[in-house]
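Chemist: Just dropping this structure here.
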Amino acid sequence: CLAFVVAGYSSRHGYGLIESRQYLPDQWTEKEFAEKRKKTGIPDDMNFKTKNEIALDLVNSIQADGQFSFDFVAADGAFGHDADFLKGLPNGVRYFATIHSDDKFFVTEPQVSTPAWSG
């Protein structure tokens, strides 16, 4: 089974998949998998990266290339849950991302109160 991280683009001019990178499970970088990597054509210099690291590389690469301009990134909970991914997005790029149901929004419980009625 092959797994890829894919970047898509959508605008009023059209939409499509614009770039992808193969995800290589960590265990496949071990010596025991050298023969399998060779048989499947995986380059010897391909290192392990998480899917989120690959996605962040894609976003930064696409922005640096300048062929596609974008103001925001949309992602699922695997990415929205990852603060390093969100913080690593290029400056000025906003994001729409789902999060896990147990994600916390506050480091400490905020102080809340109801102001006195003033008329």
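By convention here, the chains of the structure tokens are called A, B, ... in the order presented, each chain's residues are numbered starting at 1, and ligands are numbered starting at 1 in the order presented.
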Name the residues in contact with region 11-20 of chain A at a cut-off of 12 Å, using only C-alpha atoms, excluding same-chain residues fewer than 4 positions from it; report them as a list of chain:residue names.
Modeler: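 Near region 11-20 of chain A, the qualifying residues are A:Ala3, A:Phe4, A:Val5, A:Val6, A:Ala7, A:Lys51, A:Ile54, A:Ala55, A:Leu56, A:Asp57, A:Leu58, A:Val59, A:Asn60, A:Ser61, A:Ile62, A:Gln63, A:Asp65, A:Gln67, A:Phe68, A:Ser69, A:Phe70, A:Asp71, A:Phe72.
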Chemist: Tell me which protein, DNA and RNA residues are within 12 Å of region 102-112 of chain A, counting only C-alpha atoms, leaving out same-chain ones fewer than 5 positions away, and put them as a ChimeraX atom specification.
Modeler: /A:77-78,80-83
Chemist: Pick out each residue of region 10-85 of chain A that DSSP on the backbone tags as strand (DSSP E); I need them as a list in words.
Modeler: Ser10, Ser11, Gly14, Tyr15, Gly16, Leu17, Ile18, Glu19, Ser20, Arg21, Gln22, Tyr23, Phe72, Val73, Ala74 and Ala75 of chain A
Chemist: Could you find all residues in chain A that DSSP calls helix (DSSP H, G or I) from the backbone, and write them as a VMD selection string?
Modeler: chain A and resid 26 to 29 31 to 40 51 to 65 77 to 80 83 to 88
Chemist: Using N, CA and C atoms, can you export the residues from the last selection as a short mmCIF file (atom, residue, chain, number, x, y, z; two decimals), in the first residue's frame?
Modeler:
data_model
loop_
_atom_site.label_atom_id
_atom_site.label_comp_id
_atom_site.auth_asym_id
_atom_site.auth_seq_id
_atom_site.Cartn_x
_atom_site.Cartn_y
_atom_site.Cartn_z
N ASP A 26 7.84 4.98 9.28
CA ASP A 26 9.12 5.03 9.97
C ASP A 26 9.88 3.70 9.88
N GLN A 27 9.18 2.58 10.04
CA GLN A 27 9.87 1.29 10.04
C GLN A 27 10.54 0.99 8.69
N TRP A 28 10.04 1.58 7.62
CA TRP A 28 10.62 1.35 6.30
C TRP A 28 11.98 2.02 6.14
N THR A 29 12.37 2.89 7.06
CA THR A 29 13.68 3.51 7.00
C THR A 29 14.74 2.64 7.68
N LYS A 31 17.11 -0.75 8.44
CA LYS A 31 17.92 -1.61 7.58
C LYS A 31 17.16 -2.86 7.12
N GLU A 32 16.29 -3.38 7.96
CA GLU A 32 15.55 -4.61 7.62
C GLU A 32 14.65 -4.43 6.39
N PHE A 33 14.33 -3.19 6.06
CA PHE A 33 13.44 -2.92 4.94
C PHE A 33 14.19 -2.45 3.69
N ALA A 34 15.52 -2.50 3.72
CA ALA A 34 16.32 -2.01 2.59
C ALA A 34 15.95 -2.73 1.29
N GLU A 35 15.77 -4.03 1.35
CA GLU A 35 15.45 -4.80 0.14
C GLU A 35 14.06 -4.43 -0.38
N LYS A 36 13.11 -4.27 0.52
CA LYS A 36 11.76 -3.87 0.10
C LYS A 36 11.77 -2.48 -0.53
N ARG A 37 12.55 -1.55 0.04
CA ARG A 37 12.65 -0.21 -0.54
C ARG A 37 13.22 -0.29 -1.95
N LYS A 38 14.23 -1.14 -2.12
CA LYS A 38 14.86 -1.28 -3.43
C LYS A 38 13.87 -1.86 -4.44
N LYS A 39 13.14 -2.92 -4.04
CA LYS A 39 12.19 -3.57 -4.94
C LYS A 39 11.04 -2.63 -5.34
N THR A 40 10.66 -1.74 -4.44
CA THR A 40 9.53 -0.85 -4.72
C THR A 40 9.95 0.50 -5.29
N LYS A 51 3.17 12.69 8.27
CA LYS A 51 2.30 13.25 7.24
C LYS A 51 2.13 14.76 7.42
N ASN A 52 2.10 15.20 8.68
CA ASN A 52 1.95 16.63 8.95
C ASN A 52 3.19 17.40 8.52
N GLU A 53 4.38 16.83 8.74
CA GLU A 53 5.61 17.48 8.29
C GLU A 53 5.64 17.56 6.76
N ILE A 54 5.20 16.49 6.10
CA ILE A 54 5.14 16.49 4.64
C ILE A 54 4.17 17.56 4.15
N ALA A 55 3.00 17.64 4.78
CA ALA A 55 2.00 18.64 4.38
C ALA A 55 2.53 20.05 4.55
N LEU A 56 3.22 20.29 5.65
CA LEU A 56 3.78 21.62 5.88
C LEU A 56 4.85 21.94 4.83
N ASP A 57 5.67 20.95 4.48
CA ASP A 57 6.64 21.15 3.40
C ASP A 57 5.94 21.50 2.09
N LEU A 58 4.84 20.80 1.79
CA LEU A 58 4.09 21.07 0.56
C LEU A 58 3.57 22.50 0.54
N VAL A 59 2.93 22.91 1.62
CA VAL A 59 2.36 24.26 1.70
C VAL A 59 3.45 25.31 1.50
N ASN A 60 4.56 25.15 2.22
CA ASN A 60 5.64 26.13 2.10
C ASN A 60 6.28 26.11 0.72
N SER A 61 6.40 24.94 0.13
CA SER A 61 6.96 24.81 -1.22
C SER A 61 6.05 25.48 -2.26
N ILE A 62 4.76 25.25 -2.14
CA ILE A 62 3.80 25.83 -3.08
C ILE A 62 3.82 27.36 -2.97
N GLN A 63 3.88 27.86 -1.74
CA GLN A 63 3.91 29.32 -1.59
C GLN A 63 5.21 29.89 -2.15
N ALA A 64 6.33 29.23 -1.88
CA ALA A 64 7.63 29.73 -2.36
C ALA A 64 7.69 29.71 -3.88
N ASP A 65 7.06 28.71 -4.50
CA ASP A 65 7.05 28.60 -5.96
C ASP A 65 6.31 29.77 -6.60
N GLY A 77 -8.76 17.09 11.10
CA GLY A 77 -8.38 17.10 12.51
C GLY A 77 -6.97 16.63 12.79
N ALA A 78 -6.41 15.78 11.94
CA ALA A 78 -5.04 15.33 12.15
C ALA A 78 -4.07 16.52 12.06
N PHE A 79 -4.41 17.49 11.24
CA PHE A 79 -3.57 18.67 11.08
C PHE A 79 -4.00 19.78 12.03
N GLY A 80 -5.30 19.97 12.21
CA GLY A 80 -5.81 21.00 13.10
C GLY A 80 -5.45 20.75 14.55
N ALA A 83 -0.37 21.66 16.78
CA ALA A 83 0.02 23.07 16.92
C ALA A 83 1.27 23.40 16.11
N ASP A 84 2.21 22.47 16.00
CA ASP A 84 3.42 22.73 15.23
C ASP A 84 3.09 22.93 13.75
N PHE A 85 2.15 22.15 13.23
CA PHE A 85 1.73 22.32 11.85
C PHE A 85 1.11 23.70 11.66
N LEU A 86 0.19 24.07 12.52
CA LEU A 86 -0.50 25.35 12.39
C LEU A 86 0.46 26.52 12.53
N LYS A 87 1.39 26.44 13.51
CA LYS A 87 2.37 27.51 13.71
C LYS A 87 3.37 27.58 12.55
N GLY A 88 3.58 26.47 11.86
CA GLY A 88 4.55 26.42 10.77
C GLY A 88 4.04 26.93 9.44
#
Chemist: Can you work out the spacing between CA of Ala75 (chain A) and CA of Thr50 (chain A) in Å, to one decimal?
Modeler: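 Computed distance, CA of Ala75 (chain A) to CA of Thr50 (chain A), equals 15.1 Å.
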Chemist: What separation in Å, quoted to one decimal, exists between CA of Thr98 (chain A) and CA of Ala74 (chain A)?
Modeler: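 Computing it gives 8.6 Å between the two atoms.
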Chemist: Using CA of Leu89 (chain A) and CA of Arg21 (chain A) as the two end points, give the distance in Å to one decimal.
Modeler: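 Interatomic distance here is 17.5 Å.
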Chemist: Can you pull out the residues contacting Val73 (chain A)? Cut-off 9 Å, using only C-alpha atoms, and skip same-chain residues under 5 positions away; I want them as a tab-separated table (two decimals) with all heavy atoms, in the first residue's frame.
Modeler:
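Printed below is out17.tsv as written:
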chain	number	residue	atom	x	y	z
A	59	VAL	N	2.93	22.91	1.62
A	59	VAL	CA	2.36	24.26	1.70
A	59	VAL	C	3.45	25.31	1.50
A	59	VAL	O	3.29	26.25	0.71
A	59	VAL	CB	1.62	24.48	3.04
A	59	VAL	CG1	1.25	25.95	3.24
A	59	VAL	CG2	0.38	23.60	3.12
A	89	LEU	N	2.73	27.22	9.37
A	89	LEU	CA	2.19	27.76	8.12
A	89	LEU	C	2.81	29.11	7.82
A	89	LEU	O	3.18	29.85	8.73
A	89	LEU	CB	0.66	27.88	8.21
A	89	LEU	CG	-0.09	26.55	8.27
A	89	LEU	CD1	-1.57	26.79	8.58
A	89	LEU	CD2	0.07	25.76	6.98
A	93	VAL	N	-0.97	33.36	6.22
A	93	VAL	CA	-1.86	32.30	5.75
A	93	VAL	C	-2.76	31.89	6.91
A	93	VAL	O	-2.30	31.53	7.98
A	93	VAL	CB	-1.08	31.09	5.20
A	93	VAL	CG1	-2.01	29.93	4.91
A	93	VAL	CG2	-0.31	31.48	3.96
A	94	ARG	N	-4.06	32.00	6.68
A	94	ARG	CA	-5.04	31.58	7.68
A	94	ARG	C	-5.41	30.13	7.44
A	94	ARG	O	-5.13	29.58	6.37
A	94	ARG	CB	-6.28	32.46	7.61
A	94	ARG	CG	-5.97	33.91	8.05
A	94	ARG	CD	-7.07	34.82	7.65
A	94	ARG	NE	-6.77	35.17	6.25
A	94	ARG	CZ	-7.52	35.91	5.50
A	94	ARG	NH1	-8.64	36.37	5.95
A	94	ARG	NH2	-7.18	36.19	4.27
A	95	TYR	N	-6.04	29.53	8.42
A	95	TYR	CA	-6.41	28.12	8.26
A	95	TYR	C	-7.82	27.86	8.76
A	95	TYR	O	-8.32	28.55	9.64
A	95	TYR	CB	-5.42	27.20	8.97
A	95	TYR	CG	-5.28	27.45	10.45
A	95	TYR	CD1	-6.15	26.86	11.37
A	95	TYR	CD2	-4.25	28.26	10.94
A	95	TYR	CE1	-6.02	27.09	12.73
A	95	TYR	CE2	-4.11	28.49	12.30
A	95	TYR	CZ	-4.99	27.89	13.18
A	95	TYR	OH	-4.86	28.12	14.53
A	96	PHE	N	-8.43	26.88	8.13
A	96	PHE	CA	-9.71	26.32	8.56
A	96	PHE	C	-9.41	24.85	8.80
A	96	PHE	O	-9.12	24.12	7.85
A	96	PHE	CB	-10.77	26.46	7.47
A	96	PHE	CG	-11.08	27.88	7.12
A	96	PHE	CD1	-10.43	28.50	6.07
A	96	PHE	CD2	-12.01	28.59	7.85
A	96	PHE	CE1	-10.72	29.82	5.73
A	96	PHE	CE2	-12.30	29.91	7.52
A	96	PHE	CZ	-11.66	30.52	6.46
A	97	ALA	N	-9.47	24.43	10.04
A	97	ALA	CA	-9.10	23.05	10.36
A	97	ALA	C	-10.00	22.50	11.45
A	97	ALA	O	-10.32	23.20	12.41
A	97	ALA	CB	-7.64	22.99	10.81
Chemist: Between A:Asp45, A:Asn91, A:Gly8, A:Leu2, which has the minimum distance to Leu24 (chain A) (counting only C-alpha atoms)?
Modeler: A:Leu2
